[in-house]
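Coordinates from structure-v7.pdb are shown below (PDB, C-alpha atoms).
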ATOM      1  CA  MET A   1      25.826  -1.522  11.218
ATOM      2  CA  VAL A   2      23.717   1.564  11.804
ATOM      3  CA  THR A   3      25.626   4.744  11.014
ATOM      4  CA  ARG A   4      25.524   7.902  13.073
ATOM      5  CA  ARG A   5      23.516   9.571  10.297
ATOM      6  CA  GLY A   6      21.005   6.727  10.282
ATOM      7  CA  LEU A   7      20.543   6.931  14.008
ATOM      8  CA  LEU A   8      20.212  10.695  13.850
ATOM      9  CA  ALA A   9      17.526  10.404  11.194
ATOM     10  CA  ALA A  10      15.691   7.739  13.131
ATOM     11  CA  GLY A  11      16.023   9.712  16.345
ATOM     12  CA  ALA A  12      15.365  13.154  14.917
ATOM     13  CA  GLY A  13      11.830  13.352  16.198
ATOM     14  CA  ALA A  14      12.300  13.089  19.916
ATOM     15  CA  GLY A  15      15.044  15.699  20.102
ATOM     16  CA  LEU A  16      13.164  18.147  17.944
ATOM     17  CA  VAL A  17      10.006  17.772  19.954
ATOM     18  CA  VAL A  18      11.832  18.411  23.201
ATOM     19  CA  ALA A  19      14.062  21.190  21.923
ATOM     20  CA  GLY A  20      11.750  23.024  19.613
ATOM     21  CA  CYS A  21       8.144  22.801  20.592
ATOM     22  CA  GLY A  22       7.703  22.860  24.331
ATOM     23  CA  ALA A  23       5.340  20.247  25.663
ATOM     24  CA  PRO A  24       5.295  17.343  23.196
ATOM     25  CA  GLU A  25       1.704  16.454  24.073
ATOM     26  CA  GLU A  26       0.373  19.789  22.820
ATOM     27  CA  PRO A  27       2.248  21.138  19.793
ATOM     28  CA  PRO A  28       1.344  24.568  18.405
ATOM     29  CA  PRO A  29      -1.402  24.905  15.784
ATOM     30  CA  ASP A  30      -0.530  23.846  12.228
ATOM     31  CA  ALA A  31      -0.490  27.488  11.065
ATOM     32  CA  GLU A  32       2.240  28.212  13.595
ATOM     33  CA  LEU A  33       4.204  25.067  12.754
ATOM     34  CA  LEU A  34       4.164  26.007   9.063
ATOM     35  CA  ALA A  35       5.341  29.588   9.633
ATOM     36  CA  PRO A  36       9.116  28.833   9.457
ATOM     37  CA  SER A  37       8.559  26.805   6.269
ATOM     38  CA  LEU A  38       6.761  29.767   4.697
ATOM     39  CA  ALA A  39       9.498  32.197   5.780
ATOM     40  CA  ALA A  40      12.142  29.910   4.261
ATOM     41  CA  ALA A  41      10.200  29.530   1.002
ATOM     42  CA  LEU A  42       9.798  33.313   0.716
ATOM     43  CA  ALA A  43      13.523  33.811   1.350
ATOM     44  CA  LEU A  44      14.296  31.213  -1.324
ATOM     45  CA  ALA A  45      11.998  32.843  -3.874
ATOM     46  CA  ASP A  46      13.820  36.148  -3.289
ATOM     47  CA  ALA A  47      17.230  34.489  -3.449
ATOM     48  CA  TYR A  48      16.467  32.810  -6.779
ATOM     49  CA  GLU A  49      15.117  36.055  -8.185
ATOM     50  CA  ARG A  50      18.387  37.775  -7.251
ATOM     51  CA  ALA A  51      20.442  34.889  -8.679
ATOM     52  CA  GLY A  52      18.719  35.181 -12.063
ATOM     53  CA  GLY A  53      19.656  33.065 -15.054
ATOM     54  CA  ARG A  54      17.873  29.915 -16.143
ATOM     55  CA  ILE A  55      18.313  28.122 -12.826
ATOM     56  CA  GLY A  56      17.227  31.197 -10.861
ATOM     57  CA  ARG A  57      14.081  31.529 -12.969
ATOM     58  CA  GLU A  58      13.250  27.830 -12.832
ATOM     59  CA  LEU A  59      13.845  27.283  -9.122
ATOM     60  CA  GLY A  60      12.328  30.685  -8.293
ATOM     61  CA  ALA A  61       9.089  29.678  -9.995
ATOM     62  CA  ARG A  62       9.057  26.408  -8.075
ATOM     63  CA  GLU A  63       9.632  28.224  -4.777
ATOM     64  CA  ARG A  64       6.824  30.676  -5.486
ATOM     65  CA  GLY A  65       4.668  27.586  -5.972
ATOM     66  CA  HIS A  66       5.774  26.352  -2.534
ATOM     67  CA  VAL A  67       4.840  29.733  -1.047
ATOM     68  CA  GLU A  68       1.356  29.528  -2.529
ATOM     69  CA  ARG A  69       0.833  25.983  -1.314
ATOM     70  CA  LEU A  70       1.973  26.869   2.211
ATOM     71  CA  ARG A  71      -0.316  29.894   2.284
ATOM     72  CA  GLY A  72      -3.133  27.695   1.019
ATOM     73  CA  ALA A  73      -2.477  25.366   3.961
ATOM     74  CA  GLY A  74      -2.881  28.305   6.336
ATOM     75  CA  ALA A  75       0.759  29.012   7.183
ATOM     76  CA  ARG A  76       1.127  32.068   9.403
ATOM     77  CA  ALA A  77       3.159  34.919   7.972
ATOM     78  CA  GLY A  78       5.859  36.814   9.847
ATOM     79  CA  ALA A  79       8.202  34.103  11.081
ATOM     80  CA  ARG A  80      11.882  35.006  11.109
ATOM     81  CA  ALA A  81      13.468  34.262   7.724
ATOM     82  CA  PRO A  82      16.664  32.210   7.618
ATOM     83  CA  SER A  83      19.799  33.949   6.407
ATOM     84  CA  ALA A  84      21.460  33.142   3.085
ATOM     85  CA  GLY A  85      24.791  34.353   4.456
ATOM     86  CA  ALA A  86      27.569  35.874   2.410
ATOM     87  CA  GLY A  87      29.002  34.622  -0.870
ATOM     88  CA  GLU A  88      27.702  33.617  -4.283
ATOM     89  CA  PRO A  89      23.906  33.796  -4.757
ATOM     90  CA  LEU A  90      23.512  30.089  -5.498
ATOM     91  CA  GLU A  91      25.649  29.147  -2.499
ATOM     92  CA  GLY A  92      23.320  31.269  -0.392
ATOM     93  CA  ALA A  93      20.338  29.577  -2.012
ATOM     94  CA  LEU A  94      21.797  26.182  -1.085
ATOM     95  CA  ARG A  95      22.069  27.284   2.565
ATOM     96  CA  LEU A  96      18.455  28.476   2.426
ATOM     97  CA  GLU A  97      17.313  25.174   0.896
ATOM     98  CA  GLN A  98      18.950  23.392   3.831
ATOM     99  CA  ALA A  99      17.229  25.737   6.275
ATOM    100  CA  ALA A 100      13.889  25.106   4.539
ATOM    101  CA  LEU A 101      14.417  21.345   4.814
ATOM    102  CA  ARG A 102      15.095  21.674   8.543
ATOM    103  CA  ALA A 103      11.904  23.711   8.970
ATOM    104  CA  HIS A 104       9.851  21.128   7.051
ATOM    105  CA  VAL A 105      11.355  18.211   9.015
ATOM    106  CA  ARG A 106      10.557  19.922  12.297
ATOM    107  CA  ALA A 107       6.963  20.632  11.297
ATOM    108  CA  ILE A 108       6.069  17.378   9.589
ATOM    109  CA  GLY A 109       6.158  15.283  12.731
ATOM    110  CA  LEU A 110       3.795  17.610  14.555
ATOM    111  CA  VAL A 111       1.184  18.934  12.128
ATOM    112  CA  ARG A 112      -2.268  17.504  12.692
ATOM    113  CA  ALA A 113      -3.882  17.723   9.258
ATOM    114  CA  LEU A 114      -2.972  14.854   6.955
ATOM    115  CA  PRO A 115      -3.005  17.016   3.783
ATOM    116  CA  THR A 116      -0.517  19.327   5.506
ATOM    117  CA  ARG A 117       1.717  16.364   6.302
ATOM    118  CA  THR A 118       1.544  15.364   2.640
ATOM    119  CA  LEU A 119       2.355  18.918   1.549
ATOM    120  CA  LEU A 120       5.436  19.060   3.770
ATOM    121  CA  ALA A 121       6.655  15.681   2.502
ATOM    122  CA  GLU A 122       6.320  16.926  -1.072
ATOM    123  CA  LEU A 123       8.166  20.135  -0.234
ATOM    124  CA  MET A 124      10.944  18.079   1.351
ATOM    125  CA  ALA A 125      11.191  15.928  -1.788
ATOM    126  CA  ASP A 126      11.368  19.030  -3.961
ATOM    127  CA  GLY A 127      13.928  20.655  -1.668
ATOM    128  CA  ALA A 128      16.095  17.539  -1.863
ATOM    129  CA  ARG A 129      15.990  17.745  -5.678
ATOM    130  CA  HIS A 130      16.907  21.433  -5.531
ATOM    131  CA  THR A 131      19.917  20.793  -3.298
ATOM    132  CA  LEU A 132      21.234  18.185  -5.736
ATOM    133  CA  VAL A 133      20.974  20.643  -8.626
ATOM    134  CA  LEU A 134      22.522  23.479  -6.622
ATOM    135  CA  ARG A 135      25.452  21.354  -5.444
ATOM    136  CA  ASP A 136      26.139  20.566  -9.077
ATOM    137  CA  LYS A 137      26.015  24.257 -10.041
ATOM    138  CA  VAL A 138      28.212  25.564  -7.235
ATOM    139  CA  GLY A 139      30.888  22.980  -7.991
ATOM    140  CA  GLY A 140      30.288  20.693  -5.075
ATOM    141  CA  SER A 141      29.324  17.067  -5.117
ATOM    142  CA  THR A 142      26.375  15.730  -7.084
ATOM    143  CA  ILE A 143      26.354  12.638  -4.896
ATOM    144  CA  PRO A 144      23.023  12.458  -3.072
ATOM    145  CA  THR A 145      22.762  11.942   0.660
ATOM    146  CA  ALA A 146      20.954   9.116   2.429
ATOM    147  CA  PHE A 147      18.892  11.454   4.608
ATOM    148  CA  PRO A 148      18.410  14.911   3.040
ATOM    149  CA  ASP A 149      17.131  16.645   6.145
ATOM    150  CA  GLY A 150      18.964  19.963   5.966
ATOM    151  CA  ARG A 151      21.728  18.773   8.276
ATOM    152  CA  ASP A 152      23.453  16.727   5.607
ATOM    153  CA  GLY A 153      26.117  19.249   4.615
TER     154      GLY A 153
ATOM    155  CA  MET B   1     -36.522   1.501  42.272
ATOM    156  CA  ALA B   2     -32.924   1.740  41.298
ATOM    157  CA  GLU B   3     -31.644  -1.305  39.467
ATOM    158  CA  ARG B   4     -28.974  -3.169  41.386
ATOM    159  CA  ILE B   5     -25.715  -3.676  39.545
ATOM    160  CA  SER B   6     -23.314  -6.291  40.805
ATOM    161  CA  ARG B   7     -19.616  -5.549  41.404
ATOM    162  CA  ARG B   8     -18.763  -8.206  38.799
ATOM    163  CA  ALA B   9     -20.887  -6.443  36.195
ATOM    164  CA  VAL B  10     -19.244  -3.095  36.960
ATOM    165  CA  LEU B  11     -15.776  -4.636  36.616
ATOM    166  CA  ALA B  12     -16.742  -6.367  33.376
ATOM    167  CA  GLY B  13     -18.136  -3.115  32.008
ATOM    168  CA  ALA B  14     -14.975  -1.219  32.947
ATOM    169  CA  ALA B  15     -12.803  -3.856  31.317
ATOM    170  CA  ALA B  16     -14.888  -3.766  28.156
ATOM    171  CA  LEU B  17     -14.642   0.027  28.074
ATOM    172  CA  ALA B  18     -10.865  -0.134  28.499
ATOM    173  CA  LEU B  19     -10.621  -2.674  25.696
ATOM    174  CA  THR B  20     -12.809  -0.543  23.429
ATOM    175  CA  ARG B  21     -10.562   2.445  24.021
ATOM    176  CA  ALA B  22      -7.350   0.436  23.622
ATOM    177  CA  ALA B  23      -8.419  -1.293  20.431
ATOM    178  CA  PRO B  24      -8.098   1.681  18.067
ATOM    179  CA  ALA B  25      -4.678   2.543  19.516
ATOM    180  CA  ALA B  26      -3.514  -1.041  19.103
ATOM    181  CA  ALA B  27      -4.882  -1.124  15.559
ATOM    182  CA  ARG B  28      -3.069   2.115  14.730
ATOM    183  CA  SER B  29       0.157   0.708  16.151
ATOM    184  CA  ARG B  30      -0.279  -2.478  14.098
ATOM    185  CA  ASP B  31      -0.914  -0.430  10.978
ATOM    186  CA  GLU B  32       2.141   1.720  11.674
ATOM    187  CA  GLY B  33       4.226  -1.407  12.172
ATOM    188  CA  ALA B  34       2.937  -2.931   8.939
ATOM    189  CA  ALA B  35       3.698   0.268   7.030
ATOM    190  CA  LEU B  36       7.238   0.488   8.420
ATOM    191  CA  THR B  37       7.877  -3.211   7.788
ATOM    192  CA  ALA B  38       6.853  -2.804   4.137
ATOM    193  CA  LEU B  39       9.128   0.220   3.760
ATOM    194  CA  ALA B  40      12.078  -1.528   5.411
ATOM    195  CA  LEU B  41      11.658  -4.412   2.970
ATOM    196  CA  ALA B  42      11.404  -1.980   0.039
ATOM    197  CA  GLU B  43      14.677  -0.318   1.107
ATOM    198  CA  GLN B  44      16.399  -3.696   1.414
ATOM    199  CA  GLN B  45      15.151  -4.591  -2.049
ATOM    200  CA  ALA B  46      16.364  -1.267  -3.455
ATOM    201  CA  ALA B  47      19.792  -1.850  -1.903
ATOM    202  CA  TYR B  48      19.920  -5.282  -3.552
ATOM    203  CA  VAL B  49      18.806  -3.880  -6.924
ATOM    204  CA  TYR B  50      21.493  -1.172  -6.995
ATOM    205  CA  ARG B  51      24.150  -3.596  -5.681
ATOM    206  CA  THR B  52      23.379  -5.847  -8.622
ATOM    207  CA  ALA B  53      22.306  -3.576 -11.490
ATOM    208  CA  GLU B  54      24.702  -2.335 -14.173
ATOM    209  CA  LEU B  55      23.696   1.245 -14.919
ATOM    210  CA  GLY B  56      27.142   2.725 -15.477
ATOM    211  CA  GLY B  57      26.705   5.464 -12.884
ATOM    212  CA  HIS B  58      26.321   5.898  -9.150
ATOM    213  CA  GLU B  59      24.291   2.746  -8.510
ATOM    214  CA  ARG B  60      26.625   1.422  -5.796
ATOM    215  CA  VAL B  61      26.312   4.737  -3.930
ATOM    216  CA  LEU B  62      22.540   4.442  -4.145
ATOM    217  CA  ALA B  63      22.772   0.848  -2.855
ATOM    218  CA  GLY B  64      24.719   1.977   0.208
ATOM    219  CA  GLN B  65      22.264   4.761   0.972
ATOM    220  CA  ASP B  66      19.243   2.494   0.575
ATOM    221  CA  ALA B  67      20.862   0.009   2.964
ATOM    222  CA  GLU B  68      21.419   2.854   5.430
ATOM    223  CA  ARG B  69      17.727   3.779   5.185
ATOM    224  CA  ALA B  70      16.711   0.162   5.734
ATOM    225  CA  ARG B  71      18.766   0.191   8.941
ATOM    226  CA  ALA B  72      17.153   3.442  10.121
ATOM    227  CA  LEU B  73      13.717   1.901   9.556
ATOM    228  CA  ALA B  74      14.876  -1.221  11.416
ATOM    229  CA  VAL B  75      15.582   0.988  14.451
ATOM    230  CA  LEU B  76      11.969   2.199  14.333
ATOM    231  CA  LEU B  77      10.681  -1.369  13.980
ATOM    232  CA  GLU B  78      12.779  -2.419  16.954
ATOM    233  CA  ALA B  79      11.205   0.374  19.023
ATOM    234  CA  LEU B  80       7.798  -1.103  18.192
ATOM    235  CA  GLY B  81       9.012  -4.563  19.160
ATOM    236  CA  LEU B  82       8.813  -5.788  15.581
ATOM    237  CA  ALA B  83      11.285  -7.895  13.629
ATOM    238  CA  ASN B  84      13.240  -6.559  10.690
ATOM    239  CA  PRO B  85      12.318  -8.220   7.360
ATOM    240  CA  GLU B  86      14.595 -11.020   6.183
ATOM    241  CA  PRO B  87      17.585  -9.767   4.141
ATOM    242  CA  VAL B  88      17.081  -9.648   0.377
ATOM    243  CA  GLY B  89      19.669 -11.736  -1.446
ATOM    244  CA  ASP B  90      18.074 -12.614  -4.756
ATOM    245  CA  ARG B  91      15.356 -11.640  -7.231
ATOM    246  CA  ASP B  92      12.595 -13.607  -5.481
ATOM    247  CA  GLY B  93       9.779 -11.356  -4.426
ATOM    248  CA  LEU B  94      11.115  -8.225  -6.102
ATOM    249  CA  PRO B  95       8.437  -5.939  -7.557
ATOM    250  CA  GLU B  96       8.151  -5.606 -11.320
ATOM    251  CA  ALA B  97       9.708  -2.123 -11.326
ATOM    252  CA  ALA B  98      12.794  -3.492  -9.550
ATOM    253  CA  LEU B  99      13.148  -6.417 -11.959
ATOM    254  CA  ALA B 100      12.967  -3.960 -14.861
ATOM    255  CA  VAL B 101      16.066  -2.190 -13.508
ATOM    256  CA  LEU B 102      17.963  -5.475 -13.243
ATOM    257  CA  ASP B 103      16.967  -6.645 -16.717
ATOM    258  CA  ALA B 104      17.679  -3.420 -18.629
ATOM    259  CA  ARG B 105      21.007  -1.973 -19.746
ATOM    260  CA  GLY B 106      22.332   1.502 -20.532
ATOM    261  CA  ALA B 107      19.756   4.202 -21.170
ATOM    262  CA  ALA B 108      16.885   1.758 -20.743
ATOM    263  CA  GLY B 109      18.293   0.814 -17.341
ATOM    264  CA  LEU B 110      18.396   4.432 -16.245
ATOM    265  CA  ARG B 111      14.817   4.979 -17.408
ATOM    266  CA  ALA B 112      13.742   1.868 -15.498
ATOM    267  CA  ALA B 113      15.558   3.140 -12.399
ATOM    268  CA  ILE B 114      13.836   6.535 -12.663
ATOM    269  CA  ALA B 115      10.473   4.742 -12.772
ATOM    270  CA  TYR B 116      11.520   2.455  -9.890
ATOM    271  CA  GLU B 117      12.439   5.460  -7.743
ATOM    272  CA  GLN B 118       8.961   6.852  -8.390
ATOM    273  CA  THR B 119       7.420   3.677  -6.948
ATOM    274  CA  LEU B 120       9.592   4.092  -3.840
ATOM    275  CA  ILE B 121       8.552   7.748  -3.496
ATOM    276  CA  ASP B 122       4.900   6.751  -3.872
ATOM    277  CA  ALA B 123       5.283   3.991  -1.259
ATOM    278  CA  CYS B 124       6.694   6.469   1.265
ATOM    279  CA  ALA B 125       3.922   8.970   0.497
ATOM    280  CA  ALA B 126       1.265   6.305   1.043
ATOM    281  CA  ALA B 127       2.910   5.110   4.274
ATOM    282  CA  LEU B 128       3.009   8.618   5.743
ATOM    283  CA  ALA B 129      -0.767   8.582   6.072
ATOM    284  CA  ARG B 130      -0.552   5.459   8.257
ATOM    285  CA  LEU B 131       2.007   6.736  10.761
ATOM    286  CA  GLU B 132       1.402   8.214  14.207
ATOM    287  CA  GLU B 133       4.793   8.714  15.796
ATOM    288  CA  PRO B 134       6.510  12.042  14.973
ATOM    289  CA  ASN B 135       9.842  10.244  14.849
ATOM    290  CA  ALA B 136       8.599   7.710  12.307
ATOM    291  CA  ILE B 137       6.870  10.415  10.239
ATOM    292  CA  ARG B 138      10.070  12.450  10.020
ATOM    293  CA  THR B 139      12.213   9.465   9.132
ATOM    294  CA  VAL B 140       9.880   8.267   6.375
ATOM    295  CA  ALA B 141       9.519  11.791   4.948
ATOM    296  CA  THR B 142      13.316  12.065   4.863
ATOM    297  CA  VAL B 143      13.588   8.668   3.148
ATOM    298  CA  MET B 144      11.036   9.893   0.599
ATOM    299  CA  ALA B 145      13.107  13.035   0.000
ATOM    300  CA  GLY B 146      16.144  10.818  -0.429
ATOM    301  CA  HIS B 147      14.449   8.862  -3.194
ATOM    302  CA  ALA B 148      13.455  12.121  -4.880
ATOM    303  CA  GLN B 149      17.135  13.059  -4.821
ATOM    304  CA  HIS B 150      18.145   9.653  -6.225
ATOM    305  CA  GLN B 151      15.606  10.106  -8.987
ATOM    306  CA  ALA B 152      16.980  13.569  -9.814
ATOM    307  CA  LEU B 153      20.505  12.118 -10.040
ATOM    308  CA  LEU B 154      19.334   9.298 -12.312
ATOM    309  CA  ARG B 155      17.565  11.838 -14.552
ATOM    310  CA  GLN B 156      20.773  13.843 -14.720
ATOM    311  CA  GLU B 157      22.736  10.706 -15.678
ATOM    312  CA  ALA B 158      20.127   9.916 -18.350
ATOM    313  CA  GLY B 159      20.524  13.413 -19.830
ATOM    314  CA  ILE B 160      17.051  14.478 -18.648
ATOM    315  CA  ASP B 161      16.336  17.689 -16.719
ATOM    316  CA  PRO B 162      16.674  16.508 -13.078
ATOM    317  CA  LEU B 163      13.710  18.674 -12.046
ATOM    318  CA  SER B 164      11.362  17.432 -14.753
ATOM    319  CA  SER B 165       8.753  14.779 -14.158
ATOM    320  CA  ALA B 166       9.735  12.858 -17.288
ATOM    321  CA  ALA B 167      10.835   9.235 -16.867
TER     322      ALA B 167
END
Could you render the structure from this file as structure tokens?
Amino acid sequence: MVTRRGLLAAGAGAGLVVAGCGAPEEPPPDAELLAPSLAAALALADAYERAGGRIGRELGARERGHVERLRGAGARAGARAPSAGAGEPLEGALRLEQAALRAHVRAIGLVRALPTRTLLAELMADGARHTLVLRDKVGGSTIPTAFPDGRDG
Amino acid sequence: MAERISRRAVLAGAAALALTRAAPAAARSRDEGAALTALALAEQQAAYVYRTAELGGHERVLAGQDAERARALAVLLEALGLANPEPVGDRDGLPEAALAVLDARGAAGLRAAIAYEQTLIDACAAALARLEEPNAIRTVATVMAGHAQHQALLRQEAGIDPLSSAA
């Protein structure tokens, strides 16, 4: 049996193309598509710096690496940053990680350059690792999810 | 004097041109189908491995999630008009990294599973370069992220920093 989550993952592309990017035959330039990913990575780097501690330092350094890689791929600056919301710093960071995953998922189906596609896939993999660690730290579940796409709770 | 070209020759030329243009698209579609078929089989194999292995942790959860991913990939294969790979019910045809998980116990089993997850991540990364459809690209990238998360959990269970690259 195919679960709702499985179908959503398999069907994610079409809805995102229609809802998020205007005409599917002509998506925006890669620099534009990467802009929300860069904004999310910058917000995460700030959030981890504010959180401090070993996990803040470690994940902050990794996020700054993401920022550099996105800039290296030509990501446009100035996109609206996602909000961490209220509450504990690491809970906010978890919400930002989910927002970053959603931005990467949206972009990866549309970017034209293959190295950029690879970069986004690697950022998604890293973000999925981060969410597992954060869920452990904030007292939630350490059970992974089948499709870590930023909509997986 | 202008050379006379018969109607038949014009039609034949147009057909050849159409075929030339269609061929790369068909080849891309075949390659995409082959890549997705290989990944669907890999997910079925992973589900079998974690249904069967004795790692003393969350292996049955991983099995269920890998089966869910195999079904999501089957949906994509169906859209391409391709058959889902035959279900995996025994060790036949499993890659070496998968057999290592089944044959190891305790800490060695976890280390083998960490290495196995890396092969699944690498397979997704390689497949991404062969895909054309945004929907398929997103699904495979999400499956890849899922294996990265499985690997982080296995590292945690093995007492290794989940963010390290150590096996």
If you count all atoms listed in the file, the residue of B:Leu62, B:Val88, B:Ala74, B:Leu80 closest to B:Arg30 turns out to be B:Leu80
Test item: chain B residues at most 8 Å from chain A, counting only C-alpha atoms, as number ranges by chain:
B: 58, 61, 65-66, 68-69, 71-73, 75-76, 125, 128-129, 133-139, 141-150, 152-153, 162-163
Item to complete: Would you work out the distance separating atom CA of A:Ala40 from atom CA of A:Arg64, expressed in Å to one decimal?
Response: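 Spanning atom CA of A:Ala40 to atom CA of A:Arg64 is a straight-line distance of 11.1 Å.
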Next item on the list: Write out as a PyMOL selection string which residues come within 9 Å of stretch 42-51 of chain B when counting only C-alpha atoms, dropping same-chain ones fewer than 2 positions away.
Entry: chain B and resi 37-40+53-55+58-71+73+85-91+93-95+98-99+101-102+116-117+120+123
For the selection just defined, write its residues with C-alpha atoms to a file, as a short mmCIF file (atom, residue, chain, number, x, y, z; two decimals), in the coordinates of the input.
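File produced: out-v7.cif:
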data_model
loop_
_atom_site.label_atom_id
_atom_site.label_comp_id
_atom_site.auth_asym_id
_atom_site.auth_seq_id
_atom_site.Cartn_x
_atom_site.Cartn_y
_atom_site.Cartn_z
CA THR B 37 7.88 -3.21 7.79
CA ALA B 38 6.85 -2.80 4.14
CA LEU B 39 9.13 0.22 3.76
CA ALA B 40 12.08 -1.53 5.41
CA ALA B 53 22.31 -3.58 -11.49
CA GLU B 54 24.70 -2.34 -14.17
CA LEU B 55 23.70 1.25 -14.92
CA HIS B 58 26.32 5.90 -9.15
CA GLU B 59 24.29 2.75 -8.51
CA ARG B 60 26.62 1.42 -5.80
CA VAL B 61 26.31 4.74 -3.93
CA LEU B 62 22.54 4.44 -4.14
CA ALA B 63 22.77 0.85 -2.86
CA GLY B 64 24.72 1.98 0.21
CA GLN B 65 22.26 4.76 0.97
CA ASP B 66 19.24 2.49 0.57
CA ALA B 67 20.86 0.01 2.96
CA GLU B 68 21.42 2.85 5.43
CA ARG B 69 17.73 3.78 5.18
CA ALA B 70 16.71 0.16 5.73
CA ARG B 71 18.77 0.19 8.94
CA LEU B 73 13.72 1.90 9.56
CA PRO B 85 12.32 -8.22 7.36
CA GLU B 86 14.60 -11.02 6.18
CA PRO B 87 17.58 -9.77 4.14
CA VAL B 88 17.08 -9.65 0.38
CA GLY B 89 19.67 -11.74 -1.45
CA ASP B 90 18.07 -12.61 -4.76
CA ARG B 91 15.36 -11.64 -7.23
CA GLY B 93 9.78 -11.36 -4.43
CA LEU B 94 11.12 -8.22 -6.10
CA PRO B 95 8.44 -5.94 -7.56
CA ALA B 98 12.79 -3.49 -9.55
CA LEU B 99 13.15 -6.42 -11.96
CA VAL B 101 16.07 -2.19 -13.51
CA LEU B 102 17.96 -5.48 -13.24
CA TYR B 116 11.52 2.46 -9.89
CA GLU B 117 12.44 5.46 -7.74
CA LEU B 120 9.59 4.09 -3.84
CA ALA B 123 5.28 3.99 -1.26
#
Evaluate the PyMOL selection byres ((chain A and resi 39) around 8) and report residues as a compact mmCIF listing (two decimals) with C-alpha atoms, keeping the file's coordinate frame:
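Wrote it out as out_7.txt, contents follow:
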# COMPACT_ATOMS: atom_id res chain seq x y z
CA ALA A 35 5.34 29.59 9.63
CA PRO A 36 9.12 28.83 9.46
CA SER A 37 8.56 26.80 6.27
CA LEU A 38 6.76 29.77 4.70
CA ALA A 40 12.14 29.91 4.26
CA ALA A 41 10.20 29.53 1.00
CA LEU A 42 9.80 33.31 0.72
CA ALA A 43 13.52 33.81 1.35
CA ALA A 77 3.16 34.92 7.97
CA GLY A 78 5.86 36.81 9.85
CA ALA A 79 8.20 34.10 11.08
CA ARG A 80 11.88 35.01 11.11
CA ALA A 81 13.47 34.26 7.72
CA PRO A 82 16.66 32.21 7.62
### Query
Interatomic distance between atom CA of B:Ala108 and atom CA of A:Arg135?
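Value for the atom CA of B:Ala108-atom CA of A:Arg135 distance: 26.3 Å.
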- Query: So how many Å separate atom CA of A:Gly140 and atom CA of B:Gln151, to one decimal?
  - Reply: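 A separation of 18.5 Å between them.
Distances here use all atoms listed in the file; by that measure, the residue among B:Leu82, B:Ala113, B:Ile121, B:Ile160 closest to B:Gly56 is B:Ala113.
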Expand the PyMOL selection byres ((chain A and resi 84) around 9) into the individual residues it matches in the shown file, reporting them as a ChimeraX atom specification.
-> /A:43-44,47,82-83,85-87,89,91-96
